[in-house]
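Asker: One structure, pasted below without further comment.
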Amino acid sequence: MIQPIRVALAGAGAFGIKHLDGIKNIAGVEVVSLISRDLDKTREVANKYGIQHVTTDLADALALPEVDAVILCTPTQMHASQTLACLKAGKHVQVEIPLCDVLADGEEVISVAKQSGLVAMCGHTRRFNPSHQWVHKKITAGEFNVQQMDVQTYFFRRTNMNALGQARSWTDHLLWHHAAHTVDLFAYQVQSPVVQAHALQGPIHPTLGIAMDMSIQLKAANGAICTLSLSFNNDGPLGTFFRYIGDTGTYLARYDDLFDGKENKIDVSVVDVSMNGIELQDREFFAAIREGREPNSSVAQVLPCYRVLHELEQQLK
């Protein structure tokens, strides 16, 4: 019998529920505390998943001696401070993307995580999606090199709502949240750091206070380039769509589906033990805790992404 890992999950919204659904499939892991701002709604979710402890205050969960690890699915603006609180309480932590929306806060997380010796991971799910894993395996095997990535991240989100169409208590951000996925994935897939980055943005929304459209260009040290288009104004298919153009082929990744350049579907069902990227991300987090190692997508590994985002933010200002 392996010792169970007992988890507190903060944020019972759309993404927190995705983690709860993934964790159900992972042996030896138990969610023992659920934290969210609306106590009645939190109790409702906790009852559905058999979670005994419910609170609106992360500190209450951190005070529980049985809690080994925390998963944070809270608003962007809380990520860095809550990650620090978890580490200082002696808990392993996985924080959903983005790690921070201020670079200095992310750098503080790296410093505290290093001193703590705990597992500290950021939810860059694209590293774990089977479609992107399939491409990554070809790259690491020396069978494919990315020359260009063309990426579209599109939503129809002209009001402040979440992925379930429910009102949000905070404002999402194309740069610090959605661009972070692709900036990190580009460097991860081309296996070379970003050395040039440029950004343009459209008009600022009069009430949300954010740009609703953005265009980003990246170049890696090895010469590979990336073009990323982002919009909250797109009235059409929603999500992020990736085209990998390389020396031995072209691949299109749409969520967990992968196609070649001629739209022939590629079977990625055998890439990993699940087709669920969130579940695979959580499996890596818990495996790293058990094995006492750095996880893929550790906060240290993804910090270069946030340095690029900081540089782009300065350009846009």
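We name chains A, B, ... following the order of the structure tokens; residues begin at 1 in each chain, and ligands are numbered from 1 as shown.
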List as an NGL selection string the protein and nucleic acid residues near Arg307 in chain A, meaning an atom at most 12 Å away when only C-alpha atoms are counted, but skip any in the same chain fewer than 2 places from it.
Answerer: :A and (99-107 or 176 or 180 or 183-184 or 193-197 or 300-305 or 309-314)
Asker: Identify all residues of range 63-121 of chain A in helix (DSSP H, G or I) (DSSP on the backbone) and supply them as number ranges by chain.
Answerer: A: 76-88, 103-116
Asker: Go ahead and save the residues from that selection, with C-alpha atoms, as a compact mmCIF listing (two decimals), in the first residue's frame.
Answerer:
```
# COMPACT_ATOMS: atom_id res chain seq x y z
CA THR A 76 -4.67 35.09 -11.70
CA GLN A 77 -4.02 37.99 -9.34
CA MET A 78 -3.84 35.60 -6.34
CA HIS A 79 -1.54 32.97 -7.84
CA ALA A 80 1.89 34.16 -6.70
CA SER A 81 0.87 35.16 -3.17
CA GLN A 82 -1.06 31.92 -2.60
CA THR A 83 1.80 29.82 -3.99
CA LEU A 84 4.13 31.51 -1.51
CA ALA A 85 1.67 30.86 1.33
CA CYS A 86 1.55 27.15 0.45
CA LEU A 87 5.33 26.81 0.29
CA LYS A 88 5.80 28.68 3.57
CA LEU A 103 7.51 39.18 -12.92
CA ALA A 104 9.02 40.11 -9.53
CA ASP A 105 6.34 38.01 -7.81
CA GLY A 106 7.22 35.00 -9.96
CA GLU A 107 10.90 35.43 -9.17
CA GLU A 108 10.10 35.44 -5.45
CA VAL A 109 8.18 32.18 -5.86
CA ILE A 110 11.23 30.59 -7.53
CA SER A 111 13.50 31.69 -4.69
CA VAL A 112 11.19 30.41 -1.93
CA ALA A 113 10.50 27.15 -3.78
CA LYS A 114 14.22 26.48 -4.16
CA GLN A 115 14.85 27.08 -0.45
CA SER A 116 11.88 24.93 0.59
```
Asker: Of the candidates A:Asn145, A:Gln281, A:Gln52, A:Gln315, which one gets nearest to Cys122 in chain A if we count only C-alpha atoms?
Answerer: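 Closest to Cys122 in chain A of all the choices is A:Gln281.
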Asker: Among range 29-138 of chain A, which residues carry a DSSP assignment of strand (DSSP E), reported as a list in words?
Answerer: Val29, Glu30, Val31, Val32, Ser33, Leu34, Ile35, His53, Val54, Thr55, Ala69, Val70, Ile71, Leu72, His92, Val93, Gln94, Val95, Glu96, Ala120, Met121, Cys122 and Gly123 of chain A
Asker: Take the residues just selected and output them with N, CA, C and O atoms as a PDB file, in the first residue's frame.
Answerer:
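Wrote out34.pdb, looks like this:
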```pdb
ATOM      1  N   VAL A  29      -4.449   9.206  -4.257  1.00  0.00           N
ATOM      2  CA  VAL A  29      -4.586  10.651  -4.047  1.00  0.00           C
ATOM      3  C   VAL A  29      -6.001  10.923  -3.544  1.00  0.00           C
ATOM      4  O   VAL A  29      -6.978  10.413  -4.089  1.00  0.00           O
ATOM      5  N   GLU A  30      -6.101  11.744  -2.504  1.00  0.00           N
ATOM      6  CA  GLU A  30      -7.404  12.059  -1.917  1.00  0.00           C
ATOM      7  C   GLU A  30      -7.509  13.569  -1.716  1.00  0.00           C
ATOM      8  O   GLU A  30      -6.622  14.187  -1.120  1.00  0.00           O
ATOM      9  N   VAL A  31      -8.584  14.167  -2.229  1.00  0.00           N
ATOM     10  CA  VAL A  31      -8.844  15.584  -1.975  1.00  0.00           C
ATOM     11  C   VAL A  31      -9.578  15.688  -0.643  1.00  0.00           C
ATOM     12  O   VAL A  31     -10.673  15.155  -0.481  1.00  0.00           O
ATOM     13  N   VAL A  32      -8.950  16.357   0.315  1.00  0.00           N
ATOM     14  CA  VAL A  32      -9.506  16.400   1.673  1.00  0.00           C
ATOM     15  C   VAL A  32     -10.041  17.775   2.046  1.00  0.00           C
ATOM     16  O   VAL A  32     -10.695  17.922   3.087  1.00  0.00           O
ATOM     17  N   SER A  33      -9.768  18.792   1.219  1.00  0.00           N
ATOM     18  CA  SER A  33     -10.254  20.132   1.530  1.00  0.00           C
ATOM     19  C   SER A  33     -10.544  20.880   0.237  1.00  0.00           C
ATOM     20  O   SER A  33      -9.773  20.781  -0.722  1.00  0.00           O
ATOM     21  N   LEU A  34     -11.644  21.620   0.213  1.00  0.00           N
ATOM     22  CA  LEU A  34     -12.018  22.433  -0.942  1.00  0.00           C
ATOM     23  C   LEU A  34     -12.219  23.867  -0.479  1.00  0.00           C
ATOM     24  O   LEU A  34     -12.956  24.124   0.479  1.00  0.00           O
ATOM     25  N   ILE A  35     -11.563  24.782  -1.162  1.00  0.00           N
ATOM     26  CA  ILE A  35     -11.594  26.193  -0.781  1.00  0.00           C
ATOM     27  C   ILE A  35     -12.132  27.003  -1.950  1.00  0.00           C
ATOM     28  O   ILE A  35     -11.659  26.863  -3.083  1.00  0.00           O
ATOM     29  N   HIS A  53     -13.845  18.605   4.117  1.00  0.00           N
ATOM     30  CA  HIS A  53     -13.536  19.936   4.668  1.00  0.00           C
ATOM     31  C   HIS A  53     -13.796  21.009   3.622  1.00  0.00           C
ATOM     32  O   HIS A  53     -13.307  20.923   2.496  1.00  0.00           O
ATOM     33  N   VAL A  54     -14.561  22.030   4.006  1.00  0.00           N
ATOM     34  CA  VAL A  54     -14.905  23.127   3.099  1.00  0.00           C
ATOM     35  C   VAL A  54     -14.646  24.450   3.809  1.00  0.00           C
ATOM     36  O   VAL A  54     -14.971  24.605   4.993  1.00  0.00           O
ATOM     37  N   THR A  55     -14.048  25.399   3.092  1.00  0.00           N
ATOM     38  CA  THR A  55     -13.765  26.701   3.690  1.00  0.00           C
ATOM     39  C   THR A  55     -13.660  27.765   2.592  1.00  0.00           C
ATOM     40  O   THR A  55     -13.500  27.428   1.411  1.00  0.00           O
ATOM     41  N   ALA A  69      -0.390  18.587  -0.053  1.00  0.00           N
ATOM     42  CA  ALA A  69      -0.190  19.352  -1.276  1.00  0.00           C
ATOM     43  C   ALA A  69      -1.427  20.178  -1.580  1.00  0.00           C
ATOM     44  O   ALA A  69      -2.536  19.857  -1.141  1.00  0.00           O
ATOM     45  N   VAL A  70      -1.226  21.235  -2.347  1.00  0.00           N
ATOM     46  CA  VAL A  70      -2.315  22.140  -2.706  1.00  0.00           C
ATOM     47  C   VAL A  70      -2.309  22.352  -4.210  1.00  0.00           C
ATOM     48  O   VAL A  70      -1.242  22.482  -4.829  1.00  0.00           O
ATOM     49  N   ILE A  71      -3.496  22.381  -4.808  1.00  0.00           N
ATOM     50  CA  ILE A  71      -3.652  22.785  -6.208  1.00  0.00           C
ATOM     51  C   ILE A  71      -4.445  24.075  -6.218  1.00  0.00           C
ATOM     52  O   ILE A  71      -5.544  24.148  -5.642  1.00  0.00           O
ATOM     53  N   LEU A  72      -3.900  25.098  -6.853  1.00  0.00           N
ATOM     54  CA  LEU A  72      -4.509  26.429  -6.878  1.00  0.00           C
ATOM     55  C   LEU A  72      -5.153  26.692  -8.232  1.00  0.00           C
ATOM     56  O   LEU A  72      -4.467  26.751  -9.257  1.00  0.00           O
ATOM     57  N   HIS A  92       3.541  21.031  -0.726  1.00  0.00           N
ATOM     58  CA  HIS A  92       3.808  20.999  -2.159  1.00  0.00           C
ATOM     59  C   HIS A  92       2.681  21.764  -2.862  1.00  0.00           C
ATOM     60  O   HIS A  92       1.537  21.764  -2.399  1.00  0.00           O
ATOM     61  N   VAL A  93       2.993  22.378  -4.007  1.00  0.00           N
ATOM     62  CA  VAL A  93       1.969  23.212  -4.632  1.00  0.00           C
ATOM     63  C   VAL A  93       2.034  23.139  -6.155  1.00  0.00           C
ATOM     64  O   VAL A  93       3.112  23.119  -6.746  1.00  0.00           O
ATOM     65  N   GLN A  94       0.865  23.028  -6.749  1.00  0.00           N
ATOM     66  CA  GLN A  94       0.711  23.203  -8.186  1.00  0.00           C
ATOM     67  C   GLN A  94      -0.242  24.379  -8.394  1.00  0.00           C
ATOM     68  O   GLN A  94      -1.378  24.354  -7.905  1.00  0.00           O
ATOM     69  N   VAL A  95       0.230  25.404  -9.100  1.00  0.00           N
ATOM     70  CA  VAL A  95      -0.588  26.577  -9.351  1.00  0.00           C
ATOM     71  C   VAL A  95      -0.975  26.595 -10.830  1.00  0.00           C
ATOM     72  O   VAL A  95      -0.153  26.329 -11.700  1.00  0.00           O
ATOM     73  N   GLU A  96      -2.248  26.874 -11.079  1.00  0.00           N
ATOM     74  CA  GLU A  96      -2.682  26.950 -12.465  1.00  0.00           C
ATOM     75  C   GLU A  96      -2.029  28.150 -13.153  1.00  0.00           C
ATOM     76  O   GLU A  96      -1.600  29.103 -12.509  1.00  0.00           O
ATOM     77  N   ALA A 120       7.138  22.433  -6.573  1.00  0.00           N
ATOM     78  CA  ALA A 120       6.379  23.621  -6.969  1.00  0.00           C
ATOM     79  C   ALA A 120       6.254  23.602  -8.483  1.00  0.00           C
ATOM     80  O   ALA A 120       7.256  23.649  -9.202  1.00  0.00           O
ATOM     81  N   MET A 121       5.027  23.524  -8.961  1.00  0.00           N
ATOM     82  CA  MET A 121       4.756  23.279 -10.378  1.00  0.00           C
ATOM     83  C   MET A 121       3.701  24.268 -10.867  1.00  0.00           C
ATOM     84  O   MET A 121       2.842  24.711 -10.102  1.00  0.00           O
ATOM     85  N   CYS A 122       3.785  24.620 -12.138  1.00  0.00           N
ATOM     86  CA  CYS A 122       2.798  25.503 -12.745  1.00  0.00           C
ATOM     87  C   CYS A 122       2.069  24.751 -13.858  1.00  0.00           C
ATOM     88  O   CYS A 122       2.689  23.993 -14.607  1.00  0.00           O
ATOM     89  N   GLY A 123       0.765  24.971 -13.956  1.00  0.00           N
ATOM     90  CA  GLY A 123      -0.071  24.173 -14.847  1.00  0.00           C
ATOM     91  C   GLY A 123      -0.002  24.554 -16.315  1.00  0.00           C
ATOM     92  O   GLY A 123      -1.008  24.984 -16.900  1.00  0.00           O
TER      93      GLY A 123
END
```
Asker: Can you tell me, as JSON, numbers by chain, what residues are no more than 12 Å from Pro75 in chain A when counting only C-alpha atoms, ignoring any on the same chain fewer than 6 positions away?
Answerer: {"A": [10, 11, 12, 13, 14, 15, 16, 36, 37, 81, 82, 95, 96, 97, 98, 99, 100, 101, 162, 168, 169, 170, 171, 172, 173, 176, 177]}
Asker: Could the residues in this selection be saved with C-alpha atoms as a PDB file, in the first residue's frame?
Answerer:
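Written output follows (part29.pdb):
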```
ATOM      1  CA  ALA A  10      -8.530  26.045  -4.018  1.00  0.00           C
ATOM      2  CA  GLY A  11     -11.008  27.315  -6.590  1.00  0.00           C
ATOM      3  CA  ALA A  12     -14.188  25.328  -7.196  1.00  0.00           C
ATOM      4  CA  GLY A  13     -14.918  26.940 -10.564  1.00  0.00           C
ATOM      5  CA  ALA A  14     -14.674  25.559 -14.088  1.00  0.00           C
ATOM      6  CA  PHE A  15     -10.990  24.616 -13.927  1.00  0.00           C
ATOM      7  CA  GLY A  16     -11.061  23.348 -10.359  1.00  0.00           C
ATOM      8  CA  SER A  36     -13.615  28.757  -2.721  1.00  0.00           C
ATOM      9  CA  ARG A  37     -15.176  32.176  -2.155  1.00  0.00           C
ATOM     10  CA  SER A  81       0.866  35.157  -3.167  1.00  0.00           C
ATOM     11  CA  GLN A  82      -1.060  31.922  -2.601  1.00  0.00           C
ATOM     12  CA  VAL A  95      -0.588  26.577  -9.351  1.00  0.00           C
ATOM     13  CA  GLU A  96      -2.682  26.950 -12.465  1.00  0.00           C
ATOM     14  CA  ILE A  97      -1.399  29.127 -15.266  1.00  0.00           C
ATOM     15  CA  PRO A  98      -0.213  31.876 -15.003  1.00  0.00           C
ATOM     16  CA  LEU A  99       2.377  31.669 -12.254  1.00  0.00           C
ATOM     17  CA  CYS A 100       2.128  35.443 -11.832  1.00  0.00           C
ATOM     18  CA  ASP A 101       1.096  38.644 -13.572  1.00  0.00           C
ATOM     19  CA  ASN A 162     -15.674  31.886 -17.255  1.00  0.00           C
ATOM     20  CA  ARG A 168     -16.365  35.974 -13.069  1.00  0.00           C
ATOM     21  CA  SER A 169     -15.184  37.876 -10.001  1.00  0.00           C
ATOM     22  CA  TRP A 170     -11.924  38.820 -11.758  1.00  0.00           C
ATOM     23  CA  THR A 171     -10.747  39.811 -15.230  1.00  0.00           C
ATOM     24  CA  ASP A 172      -8.910  37.411 -17.517  1.00  0.00           C
ATOM     25  CA  HIS A 173      -5.918  38.574 -19.599  1.00  0.00           C
ATOM     26  CA  TRP A 176      -0.398  36.929 -18.850  1.00  0.00           C
ATOM     27  CA  HIS A 177      -2.820  34.013 -19.052  1.00  0.00           C
TER      28      HIS A 177
END
```
Asker: Calculated over only C-alpha atoms, which of the candidates A:Asp235, A:Pro65, A:Leu185, A:Thr159 has the smallest distance to Leu208 in chain A?
Answerer: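 Of all the options, A:Thr159 lies closest to Leu208 in chain A.
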Asker: By how many Å are CA of Ala220 in chain A and CA of Thr153 in chain A apart?
Answerer: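 Distance between the two atoms: 20.3 Å.
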Asker: Can you work out which one of A:Asn264, A:Gln133, A:Ser274, A:Asn25 has the shortest atom-to-atom distance to Tyr188 in chain A, counting only C-alpha atoms?
Answerer: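 Comparing A:Asn264, A:Gln133, A:Ser274, A:Asn25 against Tyr188 in chain A, the winner is A:Gln133.
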Asker: Which residues are close to range 1-5 of chain A, i.e. within 12 Å by only C-alpha atoms, leaving aside same-chain residues fewer than 2 positions away? Reply as a list in words.
Answerer: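 Neighbouring residues, sequence-local ones excluded: Val7, Ala8, Ile23, Ile26, Ala27, Gly28, Val29, Glu30, Val31, Val32, Glu66, Val67, Asp68, Ala69, Val70, Lys91, His92, Asp282, Arg283, Phe285, Phe286, Ala287, Ala288, Ile289 and Arg290 of chain A.
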Asker: Take the residues from that selection and put them in a file with N, CA, C and O atoms, as a compact mmCIF listing (two decimals), in the first residue's frame.
Answerer:
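Listed below is the output, part07.txt:
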```txt
# COMPACT_ATOMS: atom_id res chain seq x y z
N VAL A 7 -4.76 16.16 -0.58
CA VAL A 7 -4.70 17.40 -1.34
C VAL A 7 -5.79 18.38 -0.91
O VAL A 7 -6.93 17.97 -0.64
N ALA A 8 -5.45 19.65 -0.87
CA ALA A 8 -6.43 20.72 -0.77
C ALA A 8 -6.51 21.39 -2.14
O ALA A 8 -5.46 21.65 -2.78
N ILE A 23 -8.38 13.92 -10.92
CA ILE A 23 -7.84 13.28 -9.72
C ILE A 23 -8.60 12.00 -9.38
O ILE A 23 -8.02 11.05 -8.83
N ILE A 26 -6.78 8.93 -10.43
CA ILE A 26 -5.39 8.74 -9.98
C ILE A 26 -5.38 8.03 -8.63
O ILE A 26 -5.89 8.56 -7.63
N ALA A 27 -4.80 6.86 -8.61
CA ALA A 27 -4.76 6.06 -7.38
C ALA A 27 -3.86 6.72 -6.33
O ALA A 27 -2.85 7.34 -6.66
N GLY A 28 -4.24 6.57 -5.07
CA GLY A 28 -3.39 7.03 -3.97
C GLY A 28 -3.43 8.53 -3.74
O GLY A 28 -2.52 9.07 -3.11
N VAL A 29 -4.45 9.21 -4.26
CA VAL A 29 -4.59 10.65 -4.05
C VAL A 29 -6.00 10.92 -3.54
O VAL A 29 -6.98 10.41 -4.09
N GLU A 30 -6.10 11.74 -2.50
CA GLU A 30 -7.40 12.06 -1.92
C GLU A 30 -7.51 13.57 -1.72
O GLU A 30 -6.62 14.19 -1.12
N VAL A 31 -8.58 14.17 -2.23
CA VAL A 31 -8.84 15.58 -1.97
C VAL A 31 -9.58 15.69 -0.64
O VAL A 31 -10.67 15.16 -0.48
N VAL A 32 -8.95 16.36 0.32
CA VAL A 32 -9.51 16.40 1.67
C VAL A 32 -10.04 17.77 2.05
O VAL A 32 -10.69 17.92 3.09
N GLU A 66 -2.94 17.17 7.92
CA GLU A 66 -3.03 16.05 6.97
C GLU A 66 -2.83 16.47 5.52
O GLU A 66 -2.61 15.62 4.65
N VAL A 67 -2.91 17.77 5.23
CA VAL A 67 -2.76 18.24 3.85
C VAL A 67 -1.28 18.20 3.45
O VAL A 67 -0.43 18.81 4.09
N ASP A 68 -1.00 17.42 2.40
CA ASP A 68 0.37 17.31 1.88
C ASP A 68 0.64 18.30 0.76
O ASP A 68 1.77 18.76 0.58
N ALA A 69 -0.39 18.59 -0.05
CA ALA A 69 -0.19 19.35 -1.28
C ALA A 69 -1.43 20.18 -1.58
O ALA A 69 -2.54 19.86 -1.14
N VAL A 70 -1.23 21.23 -2.35
CA VAL A 70 -2.31 22.14 -2.71
C VAL A 70 -2.31 22.35 -4.21
O VAL A 70 -1.24 22.48 -4.83
N LYS A 91 3.77 22.96 2.24
CA LYS A 91 2.95 22.15 1.35
C LYS A 91 3.50 22.19 -0.08
O LYS A 91 3.87 23.25 -0.58
N HIS A 92 3.54 21.03 -0.73
CA HIS A 92 3.81 21.00 -2.16
C HIS A 92 2.68 21.76 -2.86
O HIS A 92 1.54 21.76 -2.40
N ASP A 282 -1.69 16.51 -13.47
CA ASP A 282 -1.79 16.16 -12.05
C ASP A 282 -0.99 14.90 -11.73
O ASP A 282 -0.36 14.80 -10.67
N ARG A 283 -1.01 13.92 -12.63
CA ARG A 283 -0.21 12.71 -12.42
C ARG A 283 1.28 13.06 -12.27
O ARG A 283 1.98 12.48 -11.43
N PHE A 285 2.53 15.91 -11.20
CA PHE A 285 2.69 16.59 -9.91
C PHE A 285 2.82 15.58 -8.77
O PHE A 285 3.76 15.64 -7.97
N PHE A 286 1.91 14.62 -8.73
CA PHE A 286 1.93 13.64 -7.63
C PHE A 286 3.11 12.68 -7.75
O PHE A 286 3.69 12.28 -6.74
N ALA A 287 3.50 12.33 -8.99
CA ALA A 287 4.67 11.46 -9.17
C ALA A 287 5.93 12.16 -8.70
O ALA A 287 6.81 11.54 -8.08
N ALA A 288 6.05 13.46 -8.98
CA ALA A 288 7.23 14.21 -8.54
C ALA A 288 7.29 14.27 -7.02
O ALA A 288 8.39 14.18 -6.43
N ILE A 289 6.15 14.40 -6.36
CA ILE A 289 6.12 14.40 -4.89
C ILE A 289 6.60 13.05 -4.36
O ILE A 289 7.46 12.98 -3.47
N ARG A 290 6.08 11.97 -4.91
CA ARG A 290 6.44 10.62 -4.43
C ARG A 290 7.92 10.32 -4.68
O ARG A 290 8.57 9.66 -3.87
```
